[in-house]
>>> print(open('coords.csv').read())   # CSV, C-alpha atoms
chain,number,residue,atom,x,y,z
C,29,MET,CA,-12.0,-52.5,-17.4
C,30,ASP,CA,-9.9,-55.4,-18.9
C,31,ARG,CA,-6.2,-55.7,-18.5
C,32,PRO,CA,-4.3,-54.3,-21.5
C,33,ALA,CA,-3.7,-57.1,-23.9
C,34,SER,CA,-0.1,-57.5,-25.0
C,35,GLY,CA,1.8,-55.5,-22.4
C,36,VAL,CA,3.5,-53.6,-25.2
C,37,SER,CA,3.7,-50.0,-24.2
C,38,TYR,CA,3.5,-47.3,-26.8
C,39,GLN,CA,4.5,-44.5,-24.5
C,40,ARG,CA,6.8,-41.7,-25.5
C,41,PHE,CA,9.6,-40.2,-23.6
C,42,PRO,CA,9.4,-36.4,-23.9
C,43,ARG,CA,12.4,-34.2,-23.4
C,44,VAL,CA,12.5,-30.6,-22.3
C,45,ARG,CA,15.1,-28.0,-22.7
C,46,ILE,CA,14.5,-24.6,-21.1
C,47,ARG,CA,15.7,-21.6,-23.1
C,48,GLU,CA,14.6,-18.8,-20.8
C,49,LEU,CA,13.0,-18.8,-17.4
C,50,LYS,CA,12.0,-15.6,-15.7
C,51,ASP,CA,9.5,-14.6,-13.1
C,52,ASP,CA,6.7,-14.1,-15.6
C,53,TYR,CA,8.0,-15.5,-18.9
C,54,ALA,CA,9.3,-18.9,-19.9
C,55,LYS,CA,10.4,-20.4,-23.2
C,56,PHE,CA,11.2,-24.0,-23.5
C,57,GLU,CA,11.6,-26.7,-26.2
C,58,LEU,CA,9.6,-29.9,-26.1
C,59,ARG,CA,10.9,-32.9,-28.1
C,60,ASP,CA,10.0,-36.5,-28.7
C,61,THR,CA,6.3,-36.0,-28.3
C,62,ASP,CA,3.2,-35.1,-30.2
C,63,ALA,CA,1.6,-31.8,-31.1
C,64,SER,CA,-1.5,-33.0,-29.2
C,65,MET,CA,0.6,-33.1,-26.0
C,66,ALA,CA,1.9,-29.6,-26.6
C,67,ASN,CA,-1.6,-28.3,-27.3
C,68,ALA,CA,-3.0,-30.1,-24.2
C,69,LEU,CA,-0.3,-28.4,-22.1
C,70,ARG,CA,-1.3,-25.1,-23.6
C,71,ARG,CA,-5.0,-25.6,-22.9
C,72,VAL,CA,-4.4,-26.7,-19.4
C,73,MET,CA,-2.1,-23.8,-18.7
C,74,ILE,CA,-4.8,-21.4,-19.8
C,75,ALA,CA,-7.9,-23.1,-18.4
C,76,GLU,CA,-7.2,-25.6,-15.7
C,77,VAL,CA,-4.4,-24.4,-13.5
C,78,PRO,CA,-6.0,-23.3,-10.2
C,79,THR,CA,-5.5,-19.8,-9.0
C,80,VAL,CA,-7.0,-17.5,-6.4
C,81,ALA,CA,-9.1,-14.5,-7.3
C,82,ILE,CA,-11.8,-12.4,-5.6
C,83,ASP,CA,-15.1,-14.1,-6.0
C,84,LEU,CA,-17.5,-12.5,-3.5
C,85,VAL,CA,-17.7,-8.8,-2.7
C,86,GLU,CA,-19.8,-7.2,0.1
C,87,ILE,CA,-20.0,-3.5,-0.4
C,88,GLU,CA,-20.8,-1.4,2.7
C,89,VAL,CA,-20.4,2.1,1.2
C,90,ASN,CA,-20.0,3.1,-2.4
C,91,SER,CA,-20.5,6.7,-3.4
C,92,SER,CA,-18.1,6.6,-6.3
C,93,VAL,CA,-19.1,7.1,-9.9
C,94,LEU,CA,-18.9,3.4,-10.7
C,95,ASN,CA,-21.7,1.1,-9.6
C,96,ASP,CA,-21.3,-1.8,-7.3
C,97,GLU,CA,-21.2,-4.6,-9.8
C,98,PHE,CA,-18.7,-2.7,-11.9
C,99,ILE,CA,-16.3,-2.4,-9.0
C,100,ALA,CA,-16.9,-6.0,-8.0
C,101,HIS,CA,-16.0,-7.1,-11.6
C,102,ARG,CA,-12.9,-5.1,-11.5
C,103,LEU,CA,-11.9,-6.5,-8.2
C,104,GLY,CA,-12.3,-10.0,-9.5
C,105,LEU,CA,-9.9,-9.3,-12.3
C,106,ILE,CA,-7.0,-8.3,-10.0
C,107,PRO,CA,-4.3,-11.0,-10.1
C,108,LEU,CA,-3.5,-12.4,-6.7
C,109,THR,CA,-0.4,-14.4,-5.7
C,110,SER,CA,-1.5,-18.0,-5.9
C,111,ALA,CA,1.3,-20.1,-4.7
C,112,ALA,CA,-1.0,-21.1,-1.8
C,113,ALA,CA,-3.7,-22.2,-4.3
C,114,MET,CA,-2.6,-25.8,-4.4
C,115,ASN,CA,-3.1,-26.2,-0.7
C,116,MET,CA,-6.5,-24.6,-0.7
C,117,ARG,CA,-9.7,-26.4,-1.4
C,118,PHE,CA,-12.4,-25.4,-3.8
C,119,SER,CA,-15.2,-23.9,-1.8
C,120,ARG,CA,-17.8,-26.2,-3.3
C,121,ASP,CA,-15.7,-29.1,-2.0
C,122,CYS,CA,-15.0,-27.6,1.4
C,123,ASP,CA,-16.7,-29.3,4.3
C,124,ALA,CA,-15.1,-27.2,7.1
C,125,CYS,CA,-17.2,-24.1,6.5
C,126,ASP,CA,-20.9,-23.8,7.0
C,127,GLY,CA,-21.5,-23.9,3.3
C,128,ASP,CA,-21.0,-20.2,2.7
C,129,GLY,CA,-17.6,-20.9,1.3
C,130,SER,CA,-15.7,-18.5,3.5
C,131,CYS,CA,-13.6,-20.5,6.0
C,132,GLU,CA,-9.8,-20.3,6.2
C,133,TYR,CA,-9.3,-23.5,4.2
C,134,CYS,CA,-11.0,-22.4,1.1
C,135,SER,CA,-11.0,-18.6,1.0
C,136,VAL,CA,-9.0,-15.5,1.8
C,137,GLU,CA,-10.6,-12.3,3.0
C,138,PHE,CA,-9.7,-8.8,1.8
C,139,HIS,CA,-10.7,-5.4,3.0
C,140,LEU,CA,-10.7,-2.1,1.3
C,141,ALA,CA,-11.6,1.2,2.8
C,142,ALA,CA,-10.9,4.5,1.0
C,143,ARG,CA,-12.3,7.9,1.5
C,144,ALA,CA,-11.4,10.9,-0.5
C,145,THR,CA,-10.3,13.7,1.9
C,146,ASP,CA,-11.5,17.2,1.4
C,147,SER,CA,-8.6,18.1,-0.9
C,148,ASP,CA,-9.2,19.0,-4.5
C,149,GLN,CA,-7.1,16.1,-5.7
C,150,THR,CA,-8.7,12.9,-7.1
C,151,LEU,CA,-8.0,9.9,-5.0
C,152,GLU,CA,-7.0,6.9,-7.0
C,153,VAL,CA,-8.1,3.6,-5.3
C,154,THR,CA,-5.7,1.0,-6.4
C,155,SER,CA,-4.8,-2.6,-5.6
C,156,ASN,CA,-2.4,-1.3,-3.1
C,157,ASP,CA,-5.3,-0.4,-0.9
C,158,LEU,CA,-6.6,-3.9,-0.8
C,159,ARG,CA,-5.6,-5.4,2.6
C,160,SER,CA,-5.4,-9.1,2.8
C,161,THR,CA,-5.9,-11.2,5.9
C,162,ASP,CA,-3.4,-13.8,4.6
C,163,PRO,CA,0.0,-12.3,3.7
C,164,LYS,CA,0.7,-15.1,1.2
C,165,VAL,CA,-2.2,-14.0,-0.9
C,166,CYS,CA,-2.1,-10.4,-2.1
C,167,PRO,CA,-2.2,-8.5,-5.3
C,168,VAL,CA,0.7,-9.4,-7.6
C,169,ASP,CA,2.0,-5.9,-7.9
C,170,GLN,CA,2.0,-5.5,-4.2
C,171,ALA,CA,4.1,-8.6,-3.8
C,172,ARG,CA,6.4,-7.6,-6.6
C,173,ALA,CA,7.0,-4.1,-5.1
C,174,TYR,CA,7.6,-5.8,-1.7
C,175,GLN,CA,10.2,-8.1,-3.3
C,176,HIS,CA,11.8,-5.2,-5.0
C,177,ALA,CA,12.0,-3.2,-1.8
C,178,LEU,CA,13.6,-6.1,-0.1
C,179,GLY,CA,16.2,-6.0,-2.8
C,180,GLY,CA,15.6,-9.6,-3.7
C,181,SER,CA,14.4,-10.0,-7.3
C,182,GLU,CA,15.9,-8.2,-10.2
C,183,PRO,CA,14.2,-4.8,-10.9
C,184,TYR,CA,11.8,-4.9,-13.8
C,185,ASP,CA,13.0,-2.8,-16.7
C,186,THR,CA,9.4,-2.2,-17.7
C,187,ALA,CA,8.2,-1.1,-14.3
C,188,THR,CA,8.0,2.6,-14.3
C,189,ALA,CA,6.9,4.9,-11.4
C,190,ALA,CA,3.4,4.7,-12.7
C,191,ASP,CA,3.3,0.9,-12.3
C,192,GLN,CA,4.3,1.2,-8.7
C,193,ARG,CA,1.1,2.8,-7.8
C,194,GLY,CA,-0.9,-0.4,-8.3
C,195,ILE,CA,-3.8,-1.5,-10.4
C,196,LEU,CA,-6.4,1.3,-10.6
C,197,ILE,CA,-9.8,0.2,-9.3
C,198,VAL,CA,-11.8,3.5,-9.1
C,199,LYS,CA,-11.1,7.2,-8.8
C,200,LEU,CA,-12.8,9.1,-6.0
C,201,ARG,CA,-13.7,12.8,-5.8
C,202,ARG,CA,-13.8,14.8,-2.6
C,203,GLY,CA,-16.4,13.4,-0.3
C,204,GLN,CA,-16.8,10.0,-2.1
C,205,GLU,CA,-16.1,6.8,-0.2
C,206,LEU,CA,-15.6,3.2,-0.9
C,207,ARG,CA,-15.7,0.5,1.8
C,208,LEU,CA,-16.0,-3.2,1.0
C,209,ARG,CA,-15.1,-6.7,2.1
C,210,ALA,CA,-14.1,-9.2,-0.5
C,211,ILE,CA,-13.6,-12.9,-0.4
C,212,ALA,CA,-11.1,-14.6,-2.7
C,213,ARG,CA,-11.5,-18.2,-3.6
C,214,LYS,CA,-9.7,-20.9,-5.6
C,215,GLY,CA,-10.9,-21.5,-9.1
C,216,ILE,CA,-9.8,-22.4,-12.7
C,217,GLY,CA,-9.9,-20.5,-15.9
C,218,LYS,CA,-12.6,-22.7,-17.3
C,219,ASP,CA,-15.0,-21.2,-14.7
C,220,HIS,CA,-14.1,-17.6,-15.3
C,221,ALA,CA,-11.2,-15.9,-17.1
C,222,LYS,CA,-10.2,-14.1,-13.9
C,223,TRP,CA,-8.8,-17.4,-12.6
C,224,SER,CA,-6.6,-18.0,-15.6
C,225,PRO,CA,-2.9,-17.6,-14.6
C,226,ALA,CA,-1.6,-17.3,-18.2
C,227,ALA,CA,-1.3,-14.1,-20.1
C,228,THR,CA,-0.5,-15.9,-23.3
C,229,VAL,CA,0.7,-19.4,-24.1
C,230,THR,CA,1.7,-20.3,-27.6
C,231,PHE,CA,3.7,-23.0,-29.3
C,232,MET,CA,5.1,-23.4,-32.7
C,233,TYR,CA,7.3,-25.7,-34.7
C,234,GLU,CA,10.7,-24.3,-35.2
C,235,PRO,CA,11.8,-24.6,-38.8
C,236,GLU,CA,14.9,-26.4,-39.8
C,237,ILE,CA,16.9,-24.4,-42.3
C,238,ARG,CA,19.8,-25.9,-44.3
C,239,ILE,CA,21.8,-23.8,-46.6
C,240,ASN,CA,22.7,-25.2,-50.0
C,241,GLU,CA,26.5,-24.8,-49.7
C,242,GLU,CA,27.2,-25.6,-53.4
C,243,LEU,CA,24.9,-22.9,-54.7
C,244,MET,CA,26.1,-20.5,-52.0
C,245,GLU,CA,29.6,-20.8,-53.4
C,246,THR,CA,28.4,-19.5,-56.8
C,247,LEU,CA,27.3,-16.1,-55.3
C,248,THR,CA,29.6,-13.1,-55.0
C,249,LEU,CA,30.3,-11.4,-51.7
C,250,ASP,CA,27.8,-8.6,-52.6
C,251,GLU,CA,25.1,-11.1,-53.4
C,252,LYS,CA,25.7,-12.9,-50.1
C,253,GLN,CA,25.5,-9.7,-48.2
C,254,GLY,CA,22.4,-8.8,-50.0
C,255,LEU,CA,20.9,-12.1,-49.0
C,256,VAL,CA,21.9,-11.6,-45.3
C,257,GLU,CA,20.4,-8.1,-45.2
C,258,SER,CA,17.2,-9.0,-47.1
C,259,SER,CA,15.5,-10.8,-44.2
C,260,PRO,CA,13.6,-8.5,-41.9
C,261,THR,CA,14.6,-10.5,-38.8
C,262,LYS,CA,18.2,-11.5,-38.6
C,263,VAL,CA,18.2,-15.2,-39.7
C,264,PHE,CA,21.6,-15.4,-41.4
C,265,THR,CA,25.0,-13.9,-40.6
C,266,ILE,CA,28.1,-13.7,-42.7
C,267,ASP,CA,31.5,-14.4,-41.4
C,268,PRO,CA,33.8,-11.6,-42.6
C,269,ASN,CA,36.9,-13.7,-42.8
C,270,THR,CA,35.7,-16.8,-44.6
C,271,GLN,CA,32.7,-15.1,-46.3
C,272,GLN,CA,30.5,-18.0,-45.2
C,273,VAL,CA,26.8,-17.5,-44.7
C,274,SER,CA,25.5,-19.3,-41.7
C,275,MET,CA,22.6,-19.2,-39.4
C,276,PHE,CA,22.4,-16.5,-36.7
C,277,PHE,CA,21.3,-19.0,-34.1
C,278,THR,CA,22.1,-22.7,-34.2
C,279,PHE,CA,18.8,-24.3,-35.1
C,280,PHE,CA,18.5,-27.7,-33.6
C,281,LYS,CA,16.5,-30.4,-35.4
C,282,CYS,CA,13.6,-30.3,-33.0
C,283,PHE,CA,10.1,-31.4,-33.0
C,284,GLY,CA,8.4,-28.5,-31.5
C,285,VAL,CA,9.1,-25.4,-29.4
C,286,LEU,CA,6.7,-24.3,-26.7
C,287,PHE,CA,6.7,-20.7,-25.7
C,288,SER,CA,4.7,-19.5,-22.8
C,289,SER,CA,4.4,-16.4,-20.7
C,290,TYR,CA,2.3,-16.5,-17.6
C,291,TYR,CA,1.8,-14.6,-14.4
C,292,THR,CA,4.0,-14.9,-11.4
C,293,THR,CA,3.1,-17.4,-8.8
C,294,MET,CA,5.1,-16.2,-5.9
Z,30,MET,CA,-31.7,-18.4,-20.6
Z,31,ASN,CA,-30.9,-21.9,-21.7
Z,32,ALA,CA,-27.2,-21.7,-21.2
Z,33,PRO,CA,-25.8,-24.1,-18.7
Z,34,ASP,CA,-23.7,-22.8,-15.7
Z,35,ARG,CA,-20.0,-22.5,-16.3
Z,36,TYR,CA,-19.1,-25.0,-13.6
Z,37,GLU,CA,-21.0,-27.6,-15.6
Z,38,ARG,CA,-18.0,-27.8,-17.9
Z,39,PHE,CA,-15.9,-29.6,-15.3
Z,40,VAL,CA,-18.0,-30.6,-12.3
Z,41,VAL,CA,-19.4,-34.1,-12.7
Z,42,PRO,CA,-22.8,-34.2,-11.0
Z,43,GLU,CA,-23.7,-36.8,-8.4
Z,44,GLY,CA,-24.8,-40.1,-9.8
Z,45,THR,CA,-23.2,-39.6,-13.2
Z,46,LYS,CA,-20.3,-41.9,-14.1
Z,47,LYS,CA,-17.2,-40.2,-15.5
Z,48,VAL,CA,-16.6,-42.8,-18.2
Z,49,SER,CA,-19.1,-45.2,-19.7
Z,50,TYR,CA,-18.8,-47.7,-22.5
Z,51,GLU,CA,-21.2,-48.9,-25.1
Z,52,ARG,CA,-20.4,-51.8,-27.3
Z,53,ASP,CA,-21.4,-51.5,-30.9
Z,54,THR,CA,-23.9,-54.2,-31.6
Z,55,LYS,CA,-23.4,-54.4,-35.4
Z,56,ILE,CA,-19.6,-54.4,-35.6
Z,57,VAL,CA,-17.4,-56.8,-33.8
Z,58,ASN,CA,-14.6,-55.3,-31.6
Z,59,ALA,CA,-16.0,-51.8,-31.7
Z,60,GLY,CA,-17.4,-49.5,-29.1
Z,61,SER,CA,-17.7,-45.9,-27.8
Z,62,PHE,CA,-16.5,-44.5,-24.6
Z,63,THR,CA,-18.4,-41.5,-23.3
Z,64,ILE,CA,-16.3,-39.3,-21.0
Z,65,GLU,CA,-18.3,-36.7,-19.0
Z,66,ARG,CA,-17.2,-33.2,-18.4
Z,67,GLU,CA,-14.1,-33.3,-20.7
Z,68,ASP,CA,-13.2,-31.6,-23.9
Z,69,HIS,CA,-10.5,-31.5,-26.6
Z,70,THR,CA,-7.7,-31.4,-24.1
Z,71,ILE,CA,-8.2,-35.1,-23.2
Z,72,GLY,CA,-10.0,-36.1,-26.4
Z,73,ASN,CA,-7.2,-35.2,-28.8
Z,74,ILE,CA,-4.4,-36.7,-26.7
Z,75,LEU,CA,-6.3,-39.9,-26.2
Z,76,ARG,CA,-7.1,-40.2,-29.9
Z,77,MET,CA,-3.4,-39.6,-30.9
Z,78,GLN,CA,-2.3,-42.2,-28.4
Z,79,LEU,CA,-4.8,-44.8,-29.7
Z,80,HIS,CA,-3.5,-44.2,-33.2
Z,81,ARG,CA,0.0,-45.4,-32.1
Z,82,ASP,CA,-1.4,-48.9,-31.4
Z,83,PRO,CA,-1.2,-51.0,-34.6
Z,84,ASN,CA,-4.1,-53.1,-33.4
Z,85,VAL,CA,-6.4,-50.2,-33.5
Z,86,LEU,CA,-8.3,-49.9,-36.8
Z,87,PHE,CA,-10.2,-46.8,-36.0
Z,88,ALA,CA,-10.0,-44.2,-33.3
Z,89,GLY,CA,-11.8,-40.9,-33.2
Z,90,TYR,CA,-13.5,-38.5,-30.8
Z,91,LYS,CA,-16.1,-35.8,-31.0
Z,92,LEU,CA,-18.0,-33.4,-28.9
Z,93,PRO,CA,-21.6,-34.0,-29.8
Z,94,HIS,CA,-22.6,-30.5,-29.0
Z,95,PRO,CA,-20.6,-27.5,-27.7
Z,96,LEU,CA,-23.1,-27.0,-24.9
Z,97,GLN,CA,-23.1,-30.6,-23.8
Z,98,TYR,CA,-19.8,-31.1,-21.9
Z,99,LYS,CA,-18.8,-34.6,-22.8
Z,100,ILE,CA,-16.8,-36.4,-25.5
Z,101,ILE,CA,-17.4,-39.6,-27.3
Z,102,VAL,CA,-14.4,-41.7,-28.2
Z,103,ARG,CA,-15.0,-44.4,-30.8
Z,104,VAL,CA,-12.5,-47.3,-31.1
Z,105,HIS,CA,-12.4,-50.2,-33.4
Z,106,THR,CA,-9.8,-52.9,-33.0
Z,107,ALA,CA,-8.6,-55.9,-34.9
Z,108,ASN,CA,-8.7,-59.4,-33.3
Z,109,LEU,CA,-5.7,-59.0,-31.0
Z,110,SER,CA,-7.4,-56.9,-28.4
Z,111,THR,CA,-10.8,-55.5,-27.5
Z,112,PRO,CA,-11.5,-51.8,-27.5
Z,113,THR,CA,-11.5,-51.7,-23.8
Z,114,GLN,CA,-8.1,-53.2,-23.6
Z,115,ALA,CA,-6.7,-50.7,-26.2
Z,116,TYR,CA,-8.3,-47.8,-24.4
Z,117,THR,CA,-6.9,-48.9,-21.0
Z,118,GLN,CA,-3.5,-49.3,-22.6
Z,119,ALA,CA,-3.6,-45.9,-24.1
Z,120,ILE,CA,-4.7,-44.3,-20.8
Z,121,ASN,CA,-1.9,-46.0,-18.9
Z,122,ASP,CA,0.7,-45.0,-21.5
Z,123,LEU,CA,-0.4,-41.4,-21.4
Z,124,ASP,CA,-0.2,-41.5,-17.6
Z,125,LYS,CA,3.4,-42.6,-17.8
Z,126,GLU,CA,4.2,-40.2,-20.5
Z,127,LEU,CA,2.9,-37.3,-18.5
Z,128,GLU,CA,4.8,-38.4,-15.4
Z,129,ASN,CA,7.9,-38.5,-17.6
Z,130,LEU,CA,7.2,-35.0,-18.9
Z,131,LYS,CA,6.7,-33.7,-15.4
Z,132,LYS,CA,9.9,-35.2,-14.2
Z,133,ALA,CA,11.8,-34.1,-17.3
Z,134,PHE,CA,10.6,-30.5,-16.7
Z,135,GLU,CA,11.5,-30.5,-13.0
Z,136,ASP,CA,15.0,-31.9,-13.7
Z,137,GLU,CA,15.5,-29.4,-16.4
Z,138,LYS,CA,14.4,-26.6,-14.2
Z,139,ILE,CA,16.9,-27.6,-11.5
Z,140,ARG,CA,19.6,-27.9,-14.1
Z,141,TYR,CA,18.8,-24.5,-15.5
Z,142,GLU,CA,18.9,-22.8,-12.2
Z,143,GLU,CA,22.1,-24.4,-11.2
Z,144,ARG,CA,23.9,-23.3,-14.3
Z,145,PRO,CA,26.4,-20.5,-13.3
Z,146,LYS,CA,25.1,-17.1,-14.0
Z,147,GLN,CA,28.0,-15.9,-16.1
Z,148,GLY,CA,29.3,-18.0,-19.0
Z,149,TYR,CA,27.8,-21.4,-19.4
>>> encode(input="coords.csv", output="structure tokens")
Amino acid sequence: MDRPASGVSYQRFPRVRIRELKDDYAKFELRDTDASMANALRRVMIAEVPTVAIDLVEIEVNSSVLNDEFIAHRLGLIPLTSAAAMNMRFSRDCDACDGDGSCEYCSVEFHLAARATDSDQTLEVTSNDLRSTDPKVCPVDQARAYQHALGGSEPYDTATAADQRGILIVKLRRGQELRLRAIARKGIGKDHAKWSPAATVTFMYEPEIRINEELMETLTLDEKQGLVESSPTKVFTIDPNTQQVSMFFTFFKCFGVLFSSYYTTM
Amino acid sequence: MNAPDRYERFVVPEGTKKVSYERDTKIVNAGSFTIEREDHTIGNILRMQLHRDPNVLFAGYKLPHPLQYKIIVRVHTANLSTPTQAYTQAINDLDKELENLKKAFEDEKIRYEERPKQGY
């Protein structure tokens, strides 16, 4: 390729301002760049950020009501903590293993063994029953419950007692058994949606609203209050002392706002 | 039955070049770049960056078919530079811009976390 001609650079200098940043939700503003950049960020977050998910399932015993591939599909969709994903290799690129893609550098092994005892109660096999060989990679709700038990992270308001039981895989009746070995590998969302780390990623332009003060002065107080109350989400607010209508939030003159919520990488 | 495998969308097979260039024989300073195993993510960003160059007369991209995983970027330039130079400049600028974005985000994250919890 030739050298660039004039040496004049047309690069932009994007700026970021974070509005909220939680374990599984982030909202930030992106300025001084183009919508194509925001869209590319969105597309990459959904499809090209590598994660770890169960990819190969060897079933030894399955006498449940769901068939083998059904259970394997469900296992693949269980989210696993993927902070280690950046250090792992893709199994197709891995030269350490014998080509079966299950060495320690490119995969994590899981075991699940459940047998409904002879009680009359239905046994629910959940993601809590998945035992990992690498403690850094485990089902996300297991890791969250562990963190919560340690007293570390803030308790989730939405986590009820039901959520603590883990993601349901299959229900077993008396005498039914499920025993399997699963291998989790690194992948990207483009390959299969189970590897997508994002729940939703959206972006939007934030509107710039300016109030015409001159016309606002001609309204009576009742008319101003009617205006403030008429919007379904609270956009305006009225100052009781000066009877001035102003914005509820301060809207900055900004180019675009990127909202995203994505799964924990712990 | 005829659908290609999913990994074909991003795995460049052995022997295929990632980027190739074809000069347009009929128009001066015009050509098409074919980028294998890419999609709108790269295409749109590249096209918008090429538009910022005043010497670029035409810049557009297309996916010839949704099941063929490649994009074709067509560039016409005026006399000051060749399409290859404009393309290289655009790629370099995007590289720097993305590094700036990454740094801006990391700095902002540190700043956000160091803000005192009550009353900022």
>>> residues_around(input="coords.csv", residues="range 161-167 of chain C", least_positions_apart="3", cutoff="6 Å", atoms="all atoms listed in the file", output="list in words")
Pro107, Leu108, Thr109, Glu137 and Gln170 of chain C
>>> interface_residues(input="coords.csv", of="chain Z", to="chain C", cutoff="9 Å", atoms="only C-alpha atoms", output="JSON, numbers by chain")
{"Z": [34, 35, 36, 37, 38, 39, 69, 70, 71, 73, 74, 75, 77, 78, 81, 82, 109, 110, 111, 113, 114, 115, 116, 117, 118, 119, 121, 122, 123, 124, 125, 126, 127, 129, 130, 133, 134, 137, 138, 141, 142]}
>>> write_last_selection(input="coords.csv", atoms="C-alpha atoms", output="PDB file, keeping the file's coordinate frame")
ATOM      1  CA  ASP Z  34     -23.700 -22.800 -15.700  1.00  0.00           C
ATOM      2  CA  ARG Z  35     -20.000 -22.500 -16.300  1.00  0.00           C
ATOM      3  CA  TYR Z  36     -19.100 -25.000 -13.600  1.00  0.00           C
ATOM      4  CA  GLU Z  37     -21.000 -27.600 -15.600  1.00  0.00           C
ATOM      5  CA  ARG Z  38     -18.000 -27.800 -17.900  1.00  0.00           C
ATOM      6  CA  PHE Z  39     -15.900 -29.600 -15.300  1.00  0.00           C
ATOM      7  CA  HIS Z  69     -10.500 -31.500 -26.600  1.00  0.00           C
ATOM      8  CA  THR Z  70      -7.700 -31.400 -24.100  1.00  0.00           C
ATOM      9  CA  ILE Z  71      -8.200 -35.100 -23.200  1.00  0.00           C
ATOM     10  CA  ASN Z  73      -7.200 -35.200 -28.800  1.00  0.00           C
ATOM     11  CA  ILE Z  74      -4.400 -36.700 -26.700  1.00  0.00           C
ATOM     12  CA  LEU Z  75      -6.300 -39.900 -26.200  1.00  0.00           C
ATOM     13  CA  MET Z  77      -3.400 -39.600 -30.900  1.00  0.00           C
ATOM     14  CA  GLN Z  78      -2.300 -42.200 -28.400  1.00  0.00           C
ATOM     15  CA  ARG Z  81       0.000 -45.400 -32.100  1.00  0.00           C
ATOM     16  CA  ASP Z  82      -1.400 -48.900 -31.400  1.00  0.00           C
ATOM     17  CA  LEU Z 109      -5.700 -59.000 -31.000  1.00  0.00           C
ATOM     18  CA  SER Z 110      -7.400 -56.900 -28.400  1.00  0.00           C
ATOM     19  CA  THR Z 111     -10.800 -55.500 -27.500  1.00  0.00           C
ATOM     20  CA  THR Z 113     -11.500 -51.700 -23.800  1.00  0.00           C
ATOM     21  CA  GLN Z 114      -8.100 -53.200 -23.600  1.00  0.00           C
ATOM     22  CA  ALA Z 115      -6.700 -50.700 -26.200  1.00  0.00           C
ATOM     23  CA  TYR Z 116      -8.300 -47.800 -24.400  1.00  0.00           C
ATOM     24  CA  THR Z 117      -6.900 -48.900 -21.000  1.00  0.00           C
ATOM     25  CA  GLN Z 118      -3.500 -49.300 -22.600  1.00  0.00           C
ATOM     26  CA  ALA Z 119      -3.600 -45.900 -24.100  1.00  0.00           C
ATOM     27  CA  ASN Z 121      -1.900 -46.000 -18.900  1.00  0.00           C
ATOM     28  CA  ASP Z 122       0.700 -45.000 -21.500  1.00  0.00           C
ATOM     29  CA  LEU Z 123      -0.400 -41.400 -21.400  1.00  0.00           C
ATOM     30  CA  ASP Z 124      -0.200 -41.500 -17.600  1.00  0.00           C
ATOM     31  CA  LYS Z 125       3.400 -42.600 -17.800  1.00  0.00           C
ATOM     32  CA  GLU Z 126       4.200 -40.200 -20.500  1.00  0.00           C
ATOM     33  CA  LEU Z 127       2.900 -37.300 -18.500  1.00  0.00           C
ATOM     34  CA  ASN Z 129       7.900 -38.500 -17.600  1.00  0.00           C
ATOM     35  CA  LEU Z 130       7.200 -35.000 -18.900  1.00  0.00           C
ATOM     36  CA  ALA Z 133      11.800 -34.100 -17.300  1.00  0.00           C
ATOM     37  CA  PHE Z 134      10.600 -30.500 -16.700  1.00  0.00           C
ATOM     38  CA  GLU Z 137      15.500 -29.400 -16.400  1.00  0.00           C
ATOM     39  CA  LYS Z 138      14.400 -26.600 -14.200  1.00  0.00           C
ATOM     40  CA  TYR Z 141      18.800 -24.500 -15.500  1.00  0.00           C
ATOM     41  CA  GLU Z 142      18.900 -22.800 -12.200  1.00  0.00           C
TER      42      GLU Z 142
END
>>> atom_distance(input="coords.csv", atom1="CA of Lys199 in chain C", atom2="CA of Ala144 in chain C")
9.1 Å
>>> atom_distance(input="coords.csv", atom1="CA of Val89 in chain C", atom2="CA of Asp128 in chain C")
22.4 Å
>>> closest_residue(input="coords.csv", among="Z:Glu67, Z:Phe62, Z:Pro42, Z:Lys55", to="Val104 in chain Z", atoms="all atoms listed in the file")
Z:Phe62
>>> atom_distance(input="coords.csv", atom1="CA of Met73 in chain C", atom2="CA of Arg213 in chain C")
18.6 Å
>>> residues_around(input="coords.csv", residues="Ile64 in chain Z", least_positions_apart="4", cutoff="12 Å", atoms="only C-alpha atoms", output="number ranges by chain")
Z: 39, 41, 45-51, 68-69, 71-72, 75, 90-93, 97-103
>>> residues_near_point(input="coords.csv", point="(28.6, -7.6, -48.3)", cutoff="12 Å", atoms="only C-alpha atoms", output="list in words")
Leu247, Thr248, Leu249, Asp250, Glu251, Lys252, Gln253, Gly254, Leu255, Val256, Glu257, Ser258, Thr265, Ile266, Asp267, Pro268, Asn269, Gln271, Gln272 and Val273 of chain C
>>> residues_around(input="coords.csv", residues="range 113-119 of chain C", least_positions_apart="6", cutoff="8 Å", atoms="all atoms listed in the file", output="VMD selection string")
chain C and resid 78 to 80 129 to 130 133 to 135 213 to 215
>>> closest_residue(input="coords.csv", among="C:Ser160, C:Thr145, C:Thr246, C:Thr270", to="Ile82 in chain C", atoms="all atoms listed in the file")
C:Ser160
>>> residues_around(input="coords.csv", residues="Phe87 in chain Z", least_positions_apart="5", cutoff="10 Å", atoms="all atoms listed in the file", output="CSV table (one decimal) with C-alpha atoms, keeping the file's coordinate frame")
chain,number,residue,atom,x,y,z
Z,59,ALA,CA,-16.0,-51.8,-31.7
Z,76,ARG,CA,-7.1,-40.2,-29.9
Z,79,LEU,CA,-4.8,-44.8,-29.7
Z,80,HIS,CA,-3.5,-44.2,-33.2
Z,103,ARG,CA,-15.0,-44.4,-30.8
Z,104,VAL,CA,-12.5,-47.3,-31.1
Z,105,HIS,CA,-12.4,-50.2,-33.4
Z,106,THR,CA,-9.8,-52.9,-33.0
Z,107,ALA,CA,-8.6,-55.9,-34.9
Z,112,PRO,CA,-11.5,-51.8,-27.5
